[in-house]
Structure formats: structure tokens, C-alpha cells
Amino acid sequence: MSTLPAIDASNGAYRERAFDPTRTALLNIDMQNGEFNADILALARTSGTPQSNKRAYYERIAATLIPNQARLQDAARKAGVDVIFTVIESLTQDGRDRSLDHKISNLHFPKGSWEAKVIDEVGPRGDEIIIPKTASGIFNATNIDYVLRNLGIDYLVIYGVVTDQCVESAIRDAADRSYLVTQVEDCCAAQRQENHAASIASMRGHYCRTRTTDQVIAELIGT
């Protein structure tokens with residue numbers, strides 16, 4: 001059961017309240033090798049490849065997301081805040097357990113594959129939790145709500161890829177389940193910048209509050 005205090009529904013600023021680190025977890029969405037790696041980045045920088053059409057997206061992951069997420073997660077660990085990861089990973093080798101949408105989209109990273117592992121630079125440390133999923137929405141496709149309740153979590157800091165797809169699904173579903181959500185804008189990316197901007201704008205103030213990496217780190221360390 002949530003330990004949040006009684007809410008004055010007329011107070012629109014409630015969503016903007018600072019999180020309590022003792023009841024907060026970070027949720028890293030789909031930052032995995034199958035979504036981004038050195039080979040993909042090289043192809044994105046090569047004219048005429050399919051990946052080159054999304055060069056700005058891959059460049060943002062390399063230059064902005066990975067450094068920012070690494071800093072954010074380091075600060076969370078120092079503050080004693082859990083860092084949780086989700087990845088797209090089938091429960092089987094042939095992906096027969098995937099959602100229909102993932103089958104139609106030909107989206108499949110086999111169980112235990114390198115593609116299903118979190119990118120090393122922003123990956124788990126020690127016994128940090130990794131939750132595989134085979135659909136866009138982690139709350140719809142996994143037991144994460146049960147895990148978070150057991151951890152005593154009321155606040156979620158959500159970030160990753162893709163902003164207007166799996167990240168947005170996580171934010172909406174978390175808000176519907178009464179978590180107070182912070183989205184870290186400069187730890188997210190979409191395949192088109194306009195999609196990223198539109199998603200950030202639609203989430204801000206409706207399903208979450210929006211902060212930068214530096215702002216969240218300042219809250220974590222109490223400055």
C-alpha cells in the first residue's frame with residue numbers, strides 16, 4: 001500500500017513535489033545492445049544505410065544518453081536508491097511467447113542473447129534488478145508493480161528509449177497505478193526529434209514532472 005500522504009485534489013502542484021529517496025527507484029527502459037551498439041552507430045554514420053536515416057537518434061544515445069544515465073545511476077547508488085532495468089527479451093529462443101505486436105513488428109531478442117543485455121556503460125551493478133519484457137508496456141507485460149510494492153516504492157524516475165513508445169507507456173501506466181513519476185528528458189531519445197519533443201510535452205504536467213539529469217542528481221544528493 002502506498003505511504004503517500006492524503007492529497008488535496010485541488011493542489012495542481014502536488015505532481016511537482018520532490019521525491020523521497022527512501023521511497024524512490026530509477027527505471028531504465030530498453031537501453032540494451034540490440035537497440036544500440038558500436039556497429040549500429042558506425043552504420044548510422046555511413047551514408048545510404050537504413051540506420052543512417054536515424055543518425056541523430058543514435059548520436060544522441062552515444063553523446064547524451066549514455067553519459068547522463070551513467071552519472072544519474074551513480075548518484076542514485078550513492079544515495080541508496082534502487083536502479084531497475086527493463087529490456088526487450090523473449091522467454092524463449094524462437095520468441096513464441098512474444099506479444100502479437102512484437103511478432104508483427106519482427107521485434108525479438110532471444111532469451112540470454114547479447115542483444116538482450118543492458119549496454120555495459122549504463123548496465124546493472126551487483127544484484128540490481130533486470131526485468132525482461134515482450135511488449136511495449138512494462139506494467140502490462142511483467143510483474144514490476146508487484147516488485148515495486150515489495151520494495152516500498154512510491155516515486156519512479158523513468159528514462160531510456162524510445163521516448164514516445166516504451167518510455168511513454170511506462171510513464172502513463174505508472175501514473176495510473178498511483179506512482180509519482182519524474183521523467184528525465186535528457187536521458188531519453190526518440191527516433192525523430194520531433195517525436196521526442198511532442199512526447200515530452202504531452203507527459204509533462206499530466207502524467208509526470210519533467211527534469212534534467214542535473215536536477216535529479218541534485219535531489220538525490222540533497223542540494
# chains A, B, ... in the order shown; residues from 1 in each chain; ligands from 1
call {"tool": "residues_around", "arguments": {"residues": "Val181 of chain A", "least_positions_apart": "3", "cutoff": "8 Å", "atoms": "only C-alpha atoms", "output": "count of residues only"}}
result
10
call {"tool": "residues_around", "arguments": {"residues": "Ile130 of chain A", "least_positions_apart": "5", "cutoff": "7 Å", "atoms": "only C-alpha atoms", "output": "PDB file with N, CA and C atoms, in the first residue's frame"}}
result
ATOM      1  N   ILE A  84      16.605   0.008 -11.434  1.00  0.00           N
ATOM      2  CA  ILE A  84      15.951  -1.153 -12.031  1.00  0.00           C
ATOM      3  C   ILE A  84      16.002  -1.019 -13.546  1.00  0.00           C
ATOM      4  N   PHE A  85      16.173  -2.130 -14.237  1.00  0.00           N
ATOM      5  CA  PHE A  85      16.309  -2.130 -15.689  1.00  0.00           C
ATOM      6  C   PHE A  85      15.234  -3.012 -16.308  1.00  0.00           C
ATOM      7  N   THR A  86      14.727  -2.575 -17.444  1.00  0.00           N
ATOM      8  CA  THR A  86      13.916  -3.460 -18.252  1.00  0.00           C
ATOM      9  C   THR A  86      14.531  -3.554 -19.641  1.00  0.00           C
TER      10      THR A  86
END
call {"tool": "closest_residue", "arguments": {"among": "A:Val81, A:Ala18, A:Val122, A:Ala56", "to": "Gly152 of chain A", "atoms": "only C-alpha atoms"}}
result
A:Val81
call {"tool": "select_by_dssp", "arguments": {"residues": "segment 101-133 of chain A", "states": "strand (DSSP E or B)", "output": "list in words"}}
result
Val118, Ile130, Ile131, Pro132 and Lys133 of chain A
call {"tool": "write_last_selection", "arguments": {"atoms": "N, CA and C atoms", "output": "compact mmCIF listing (two decimals), in the first residue's frame"}}
result
# COMPACT_ATOMS: atom_id res chain seq x y z
N VAL A 118 21.82 -5.27 -21.12
CA VAL A 118 21.93 -3.81 -20.97
C VAL A 118 23.32 -3.36 -21.42
N ILE A 130 16.87 -6.72 -13.15
CA ILE A 130 16.59 -6.63 -14.59
C ILE A 130 15.29 -7.38 -14.84
N ILE A 131 14.34 -6.71 -15.49
CA ILE A 131 13.04 -7.32 -15.77
C ILE A 131 12.85 -7.38 -17.28
N PRO A 132 12.85 -8.59 -17.87
CA PRO A 132 12.61 -8.70 -19.31
C PRO A 132 11.14 -8.51 -19.65
N LYS A 133 10.89 -8.00 -20.84
CA LYS A 133 9.51 -7.81 -21.29
C LYS A 133 9.41 -8.14 -22.77
call {"tool": "residues_around", "arguments": {"residues": "segment 187-202 of chain A", "least_positions_apart": "3", "cutoff": "9 Å", "atoms": "only C-alpha atoms", "output": "ChimeraX atom specification"}}
result
/A:54-58,60-61,64-69,72,158-165,167-168,183-184,205-207,210,212-213
call {"tool": "write_last_selection", "arguments": {"atoms": "N, CA and C atoms", "output": "mmCIF file, in the first residue's frame"}}
result
data_model
loop_
_atom_site.group_PDB
_atom_site.id
_atom_site.type_symbol
_atom_site.label_atom_id
_atom_site.label_comp_id
_atom_site.auth_asym_id
_atom_site.auth_seq_id
_atom_site.Cartn_x
_atom_site.Cartn_y
_atom_site.Cartn_z
ATOM 1 N N LYS A 54 18.412 7.371 -39.152
ATOM 2 C CA LYS A 54 18.194 7.667 -37.727
ATOM 3 C C LYS A 54 19.502 8.065 -37.053
ATOM 4 N N ARG A 55 20.379 8.677 -37.826
ATOM 5 C CA ARG A 55 21.690 9.022 -37.278
ATOM 6 C C ARG A 55 21.583 9.924 -36.058
ATOM 7 N N ALA A 56 20.711 10.927 -36.103
ATOM 8 C CA ALA A 56 20.593 11.850 -34.979
ATOM 9 C C ALA A 56 20.162 11.116 -33.705
ATOM 10 N N TYR A 57 19.321 10.129 -33.867
ATOM 11 C CA TYR A 57 18.866 9.322 -32.725
ATOM 12 C C TYR A 57 20.030 8.569 -32.104
ATOM 13 N N TYR A 58 20.801 7.872 -32.924
ATOM 14 C CA TYR A 58 21.936 7.105 -32.400
ATOM 15 C C TYR A 58 23.033 8.010 -31.849
ATOM 16 N N ARG A 60 22.510 10.853 -30.437
ATOM 17 C CA ARG A 60 22.029 11.349 -29.136
ATOM 18 C C ARG A 60 22.239 10.290 -28.055
ATOM 19 N N ILE A 61 22.006 9.038 -28.379
ATOM 20 C CA ILE A 61 22.245 7.978 -27.395
ATOM 21 C C ILE A 61 23.711 7.978 -26.970
ATOM 22 N N THR A 64 24.723 11.849 -25.467
ATOM 23 C CA THR A 64 23.932 12.448 -24.393
ATOM 24 C C THR A 64 23.385 11.421 -23.419
ATOM 25 N N LEU A 65 22.688 10.402 -23.931
ATOM 26 C CA LEU A 65 22.009 9.484 -23.025
ATOM 27 C C LEU A 65 22.975 8.664 -22.175
ATOM 28 N N ILE A 66 23.938 8.047 -22.808
ATOM 29 C CA ILE A 66 24.830 7.166 -22.048
ATOM 30 C C ILE A 66 25.599 7.935 -20.972
ATOM 31 N N PRO A 67 26.226 9.069 -21.286
ATOM 32 C CA PRO A 67 26.912 9.809 -20.208
ATOM 33 C C PRO A 67 25.964 10.276 -19.099
ATOM 34 N N ASN A 68 24.802 10.797 -19.476
ATOM 35 C CA ASN A 68 23.861 11.291 -18.472
ATOM 36 C C ASN A 68 23.309 10.168 -17.614
ATOM 37 N N GLN A 69 22.947 9.054 -18.236
ATOM 38 C CA GLN A 69 22.420 7.932 -17.462
ATOM 39 C C GLN A 69 23.466 7.372 -16.509
ATOM 40 N N LEU A 72 23.639 9.726 -13.581
ATOM 41 C CA LEU A 72 22.413 9.635 -12.792
ATOM 42 C C LEU A 72 22.405 8.363 -11.945
ATOM 43 N N ILE A 158 11.941 7.773 -14.459
ATOM 44 C CA ILE A 158 11.881 6.943 -15.662
ATOM 45 C C ILE A 158 12.615 7.619 -16.815
ATOM 46 N N TYR A 159 13.345 6.805 -17.588
ATOM 47 C CA TYR A 159 14.124 7.336 -18.714
ATOM 48 C C TYR A 159 14.545 6.173 -19.602
ATOM 49 N N GLY A 160 15.023 6.495 -20.815
ATOM 50 C CA GLY A 160 15.519 5.472 -21.727
ATOM 51 C C GLY A 160 15.006 5.675 -23.134
ATOM 52 N N VAL A 161 14.792 4.569 -23.846
ATOM 53 C CA VAL A 161 14.339 4.623 -25.234
ATOM 54 C C VAL A 161 13.187 3.636 -25.428
ATOM 55 N N VAL A 162 12.297 3.948 -26.315
ATOM 56 C CA VAL A 162 12.204 5.150 -27.133
ATOM 57 C C VAL A 162 11.203 6.079 -26.451
ATOM 58 N N THR A 163 11.466 7.381 -26.445
ATOM 59 C CA THR A 163 10.675 8.331 -25.666
ATOM 60 C C THR A 163 9.183 8.178 -25.890
ATOM 61 N N ASP A 164 8.768 8.161 -27.154
ATOM 62 C CA ASP A 164 7.340 8.179 -27.481
ATOM 63 C C ASP A 164 6.735 6.787 -27.588
ATOM 64 N N GLN A 165 7.480 5.771 -27.195
ATOM 65 C CA GLN A 165 6.968 4.407 -27.264
ATOM 66 C C GLN A 165 7.042 3.767 -25.872
ATOM 67 N N VAL A 167 9.001 4.232 -23.266
ATOM 68 C CA VAL A 167 9.152 5.149 -22.130
ATOM 69 C C VAL A 167 7.807 5.781 -21.789
ATOM 70 N N GLU A 168 7.116 6.262 -22.811
ATOM 71 C CA GLU A 168 5.819 6.889 -22.578
ATOM 72 C C GLU A 168 4.823 5.892 -21.994
ATOM 73 N N GLN A 183 10.201 12.196 -15.219
ATOM 74 C CA GLN A 183 10.860 11.815 -16.473
ATOM 75 C C GLN A 183 12.119 12.653 -16.641
ATOM 76 N N VAL A 184 13.212 11.990 -16.978
ATOM 77 C CA VAL A 184 14.486 12.690 -17.159
ATOM 78 C C VAL A 184 14.668 12.937 -18.653
ATOM 79 N N GLY A 205 3.483 17.443 -16.737
ATOM 80 C CA GLY A 205 2.377 18.061 -16.021
ATOM 81 C C GLY A 205 1.091 17.284 -16.054
ATOM 82 N N HIS A 206 1.022 16.229 -16.863
ATOM 83 C CA HIS A 206 -0.186 15.407 -16.948
ATOM 84 C C HIS A 206 0.028 14.034 -16.317
ATOM 85 N N TYR A 207 1.152 13.411 -16.645
ATOM 86 C CA TYR A 207 1.456 12.092 -16.110
ATOM 87 C C TYR A 207 2.727 12.088 -15.258
ATOM 88 N N THR A 210 8.830 16.820 -15.300
ATOM 89 C CA THR A 210 9.966 16.685 -16.214
ATOM 90 C C THR A 210 11.169 17.397 -15.621
ATOM 91 N N THR A 212 15.827 17.580 -15.699
ATOM 92 C CA THR A 212 17.083 17.230 -16.355
ATOM 93 C C THR A 212 17.882 16.295 -15.454
ATOM 94 N N THR A 213 18.923 15.719 -16.017
ATOM 95 C CA THR A 213 19.815 14.867 -15.231
ATOM 96 C C THR A 213 20.378 15.628 -14.034
#
call {"tool": "closest_residue", "arguments": {"among": "A:Ser52, A:Gln93, A:Ser178, A:Gln215", "to": "Arg15 of chain A", "atoms": "only C-alpha atoms"}}
result
A:Ser178
call {"tool": "select_by_dssp", "arguments": {"residues": "segment 21-100 of chain A", "states": "alpha helix (DSSP H)", "output": "MDAnalysis selection string"}}
result
chainID A and resid 38:44 55:60 66:78 100
call {"tool": "atom_distance", "arguments": {"atom1": "atom CA of Gly137 of chain A", "atom2": "atom CA of Ser99 of chain A"}}
result
10.7 Å
call {"tool": "atom_distance", "arguments": {"atom1": "atom CA of Ala141 of chain A", "atom2": "atom CA of Gly126 of chain A"}}
result
24.9 Å
